[in-house]
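**Q** One structure is given below, represented as structure tokens, and several questions about it will come after.
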Amino acid sequence: MTQQFGLKGEQYPPRASVKLNGPPGTGKTTQLLERVTRLLEDGYEPNDVVFVTYRKEMAKEFLRRLHERGYISEQEYQKPWENDTRHFGTLHAVCNRITSDAAVVEKKHRREFMLEEYTAKYDGHGSEWDDAPSQRDPIGTMLFDAYDWCVENKQHSFIRAPNYAEIKDQAISPPSFEEFSQAWSRYKAEGNEDGKPLRDFAGMLREVDEGGLRPSGDVLVVDEYHDMTPIMASICEGWFDGFDTVIVGGDPLQAIYSYKGADPSFFTDLDLPEVLLDRTYRVPSNVWSYARGVINHDPPEIEPDAEGGEVQAVKGDPHGVIDAYGEESTMYLARTQSQLYDIAADLKQRGVVFRSQEGIGGWNTSQTLLDLFNALQKIRNARPVENVNPQTGQTGMARYKQEDVDSSVRLPENVTLESGEAKRLVRYTPAGYFNETKKSVRSFAKGSGEVKGTDLMPRVEPSFWDDMTQGPDSVGHLLAYDAKDTLRAALERYERPFPVIESAPVPDVLTIHASKGKEADTVALYDGIPGAVQRNIRSDPREQRAESRVWYVGCTRAAENLLVFRDQFDYTDKYLPSTA
């Protein structure tokens, strides 16, 4: 993909305040980077710049690119909070660095607060709210969700919170926002076990917003402004007057967190000169044309850099996508998590390794499964050879050469397991395969940064090498584990481990909301919205526009192929237009 590095909007030099309207794939972050690097070349230092954004990944990416271009050091990139880049990060991170020192609120604190203040549960621990409450969602969780939403949206009444009806179902006379907020503030002020005051994200944002706190600097850069909630936008706008240069990046049509309070007007209403980045380097012409048909209000006039692209309606099982297009740079997107469960189940049955957000079962969130898979792959076909020193893997004065050993056999000396892989392999291997106590082997694995095959040699029986190095056939020898079928299928599908799952060439399975900032060559987009969403968009034009933005984001993740799956779920209503 061609990238742009020239400065767009030359009529507004780097020192000018400006907002960059960056539709998908137009290089918004690159343009922000260009302006910052030119300012650094003009004499500004990193500690003169404040850079805030919405997502951690974007903050890390911006620092990485500054480091690669030589503008900041490795330390400033890796540990910004300790260096002159301390004001580079998410808005939450930067706010945390300019507020007073405090301990982070943990679940145990919310649990204790609910129990002491209301004799109620926060997350399933503690006493009941009343004699016969509904325990599907504890009242404490509901109240804190409402409190966080009210703070984010600068509201002071639980009645306005989206989950207020659920709260009323759970409790006849719940506390008011003011009562709850005051009680929670008192609890946090009392501090933790060491007497240190406590702070949560909501309280931190309120402290910055209401206290008028701001980071020092001359240049303020705010990216992903369309994702800001009312209190975040209030904080940023409160900072604007204190900086010589203010540069804001956003895309009002990618404002898809309306349920959190985000609104495209936060960006469009900013009184700054606007530069539209008018060429997309990701989305090809056919995909862009379809995306324009999905968004039902004010699509930007931009030009795709690439012609073509495939948009087609398809049916079938999810694994058919990777059979046809491959696993690398493939993404499955759906509106709801319940749809993702079905997609993930099909991929697991086929042994496909994939990433996902929490709760879907992706291998990036299933550490035991991933570690067992990697361990069994690494010891696959490893076998001691007769007359080889079990401690060194050597015979006589020299190691065996490749031609001296069957090509399908690997010597234990060539096996290296990460500590977690070794611990889980030992945990699920029956005790009979060890020639010392399993507890001692687990302790050894736990205390080692890595475990070599030669470390295992004196600790395991010969039967270990016979039974546990057979790839998929070894799974039956493991102790009881509920993901055995998935593990076996994956070992049948692949012959390599995936030690760095975050960057592995495997598919992503995500809700559209979780796909923000990501892209793939092939996107399998599953049509379908819940009935409640359908009713909302029919009755409220604002909800209709918000929903169209969600699907616009989903379509524009595709860099080559957009596959629209229809009629896959009988519990959702159709939404997307025809691909014909």
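In the structure tokens, chains take the letters A, B, ... in the order shown, each chain's residues start at 1, and ligands count up from 1 in the order shown.
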Find the residues around Gln367 of chain A up to 10 Å (only C-alpha atoms counted), leave out those fewer than 4 positions away in its own chain, and share them as a ChimeraX atom specification.

**A** /A:362-363,371-373,420-421,424

**Q** Please, which residues in segment 504-560 of chain A fall within 12 Å of segment 300-305 of chain A when counting only C-alpha atoms, and what is the closest atom pair and distance in Å to one decimal for each, ordered by chain then residue number, as JSON lines?

**A**
{"residue": "A:Tyr552", "atom": "CA", "partner": "A:Pro300", "partner_atom": "CA", "distance": 11.9}
{"residue": "A:Thr556", "atom": "CA", "partner": "A:Pro304", "partner_atom": "CA", "distance": 11.5}
{"residue": "A:Ala559", "atom": "CA", "partner": "A:Pro304", "partner_atom": "CA", "distance": 10.8}
{"residue": "A:Glu560", "atom": "CA", "partner": "A:Pro304", "partner_atom": "CA", "distance": 12.0}

**Q** Can I get the selection written as a short mmCIF file (atom, residue, chain, number, x, y, z; two decimals), in the first residue's frame, with N, CA and C atoms?

**A**
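Dumped to part-v5.cif:
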data_model
loop_
_atom_site.label_atom_id
_atom_site.label_comp_id
_atom_site.auth_asym_id
_atom_site.auth_seq_id
_atom_site.Cartn_x
_atom_site.Cartn_y
_atom_site.Cartn_z
N TYR A 552 -20.37 1.34 8.33
CA TYR A 552 -19.37 2.02 7.49
C TYR A 552 -17.96 1.66 7.96
N THR A 556 -15.08 -0.54 5.75
CA THR A 556 -13.81 0.10 5.39
C THR A 556 -12.61 -0.51 6.08
N ALA A 559 -9.13 -4.12 2.71
CA ALA A 559 -8.16 -3.54 1.78
C ALA A 559 -8.23 -4.18 0.40
N GLU A 560 -8.89 -5.35 0.29
CA GLU A 560 -9.01 -6.00 -1.02
C GLU A 560 -10.39 -6.62 -1.23
#

**Q** Using only C-alpha atoms, which residues sit within 9 Å of Asn96 of chain A once same-chain residues fewer than 6 positions away are excluded, as a ChimeraX atom specification?

**A** /A:201,204-205,208

**Q** Between atom CA of Ser100 of chain A and atom CA of Trp184 of chain A, what is the distance, to one decimal in Å?

**A**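 Calculated distance between atom CA of Ser100 of chain A and atom CA of Trp184 of chain A is 17.9 Å.
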
**Q** Just the residues within 8 Å of segment 314-316 of chain A, please, counting only C-alpha atoms, with nothing from its chain fewer than 6 positions along; format it as a list of chain:residue names.

**A**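 Returned residues: A:Leu563, A:Val564, A:Phe565, A:Arg566, A:Asp567, A:Gln568.
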
**Q** Env of Arg214 of chain A: 9 Å cut, atoms = only C-alpha atoms, seq-sep filter 6 positions within chain, self excluded. Answer as a compact mmCIF listing (two decimals) with C-alpha atoms, in the first residue's frame.

**A**
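Output saved as result_31.txt:
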# COMPACT_ATOMS: atom_id res chain seq x y z
CA CYS A 95 -4.47 12.64 32.95
CA ILE A 98 -0.82 15.13 35.94
CA VAL A 208 -8.79 16.96 35.75
CA ILE A 235 -10.97 18.21 29.14
CA GLY A 238 -10.27 23.17 28.33
CA TRP A 239 -6.63 22.65 27.36
CA GLY A 242 -3.12 26.98 26.97

**Q** I need the residue nearest Arg350 of chain A from this list: A:Thr486, A:Thr330, A:Asn47, A:Thr579. Use only C-alpha atoms for the distance.

**A**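 Closest to Arg350 of chain A of all the choices is A:Thr486.
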
**Q** Atom CA of Phe444 of chain A and atom CA of Ser419 of chain A are how many Å apart?

**A** 9.4 Å

**Q** Between A:Thr511, A:Asn381, A:Thr416, A:Asn364, which is the closest to Phe464 of chain A once you count only C-alpha atoms?

**A** A:Asn381

**Q** Would you mind listing, for every residue of segment 25-107 of chain A within 12 Å of segment 185-189 of chain A, the two atoms forming the shortest contact and the distance between them in Å to one decimal, using only C-alpha atoms, sorted by chain and ascending residue number, as CSV?

**A**
residue,atom,partner,partner_atom,distance
A:Ala102,CA,A:Lys188,CA,9.5
A:Ala103,CA,A:Lys188,CA,9.4
A:Val104,CA,A:Lys188,CA,9.9
A:Val105,CA,A:Lys188,CA,8.2
A:Glu106,CA,A:Lys188,CA,11.1

**Q** What lies within 8 Å of Ala306 of chain A using only C-alpha atoms, ignoring chain neighbours under 6 positions off, as a list in words?

**A** Tyr281, Arg282, Val283, Pro284 and Ser285 of chain A

**Q** Name the closest residue to Glu41 of chain A among the candidates A:Tyr71, A:Ala16, A:Ala483, A:Val311; distances are taken between atoms, counting only C-alpha atoms.

**A**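 The shortest atom-to-atom distance to Glu41 of chain A comes from A:Tyr71.
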
**Q** Any chance you could list, as a PyMOL selection string, the residues in segment 318-564 of chain A that come up strand (DSSP E) when DSSP is run on the backbone?

**A** chain A and resi 330-334+355-356+394-395+398-399+416-418+450-452+508-511+520-526+558-564

**Q** Looking only at the backbone, which of the residues in segment 246-301 of chain A does DSSP tag as alpha helix (DSSP H), as a VMD selection string?

**A** chain A and resid 265 to 268 285 to 294

**Q** For Glu179 of chain A, find every residue with an atom within 12 Å (counting only C-alpha atoms), except residues of its own chain fewer than 6 positions away, and show them as a list in words.

**A**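 What passes the distance filter is Glu117, Tyr118, Leu143, Tyr147, His156, Ser157, Phe158, Ser185 and Arg186 of chain A.
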
**Q** For Val36 of chain A, which residue among A:Ile247, A:Leu20, A:Ala165, A:Ala489 is the nearest when counting only C-alpha atoms?

**A**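 Looking at the shortest contact to Val36 of chain A, the residue is A:Ile247.
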
**Q** Here is a test: counting only C-alpha atoms, which residue of A:Gly517, A:Pro412, A:Gly531, A:Pro497 is nearest to Thr469 of chain A?

**A** A:Pro412
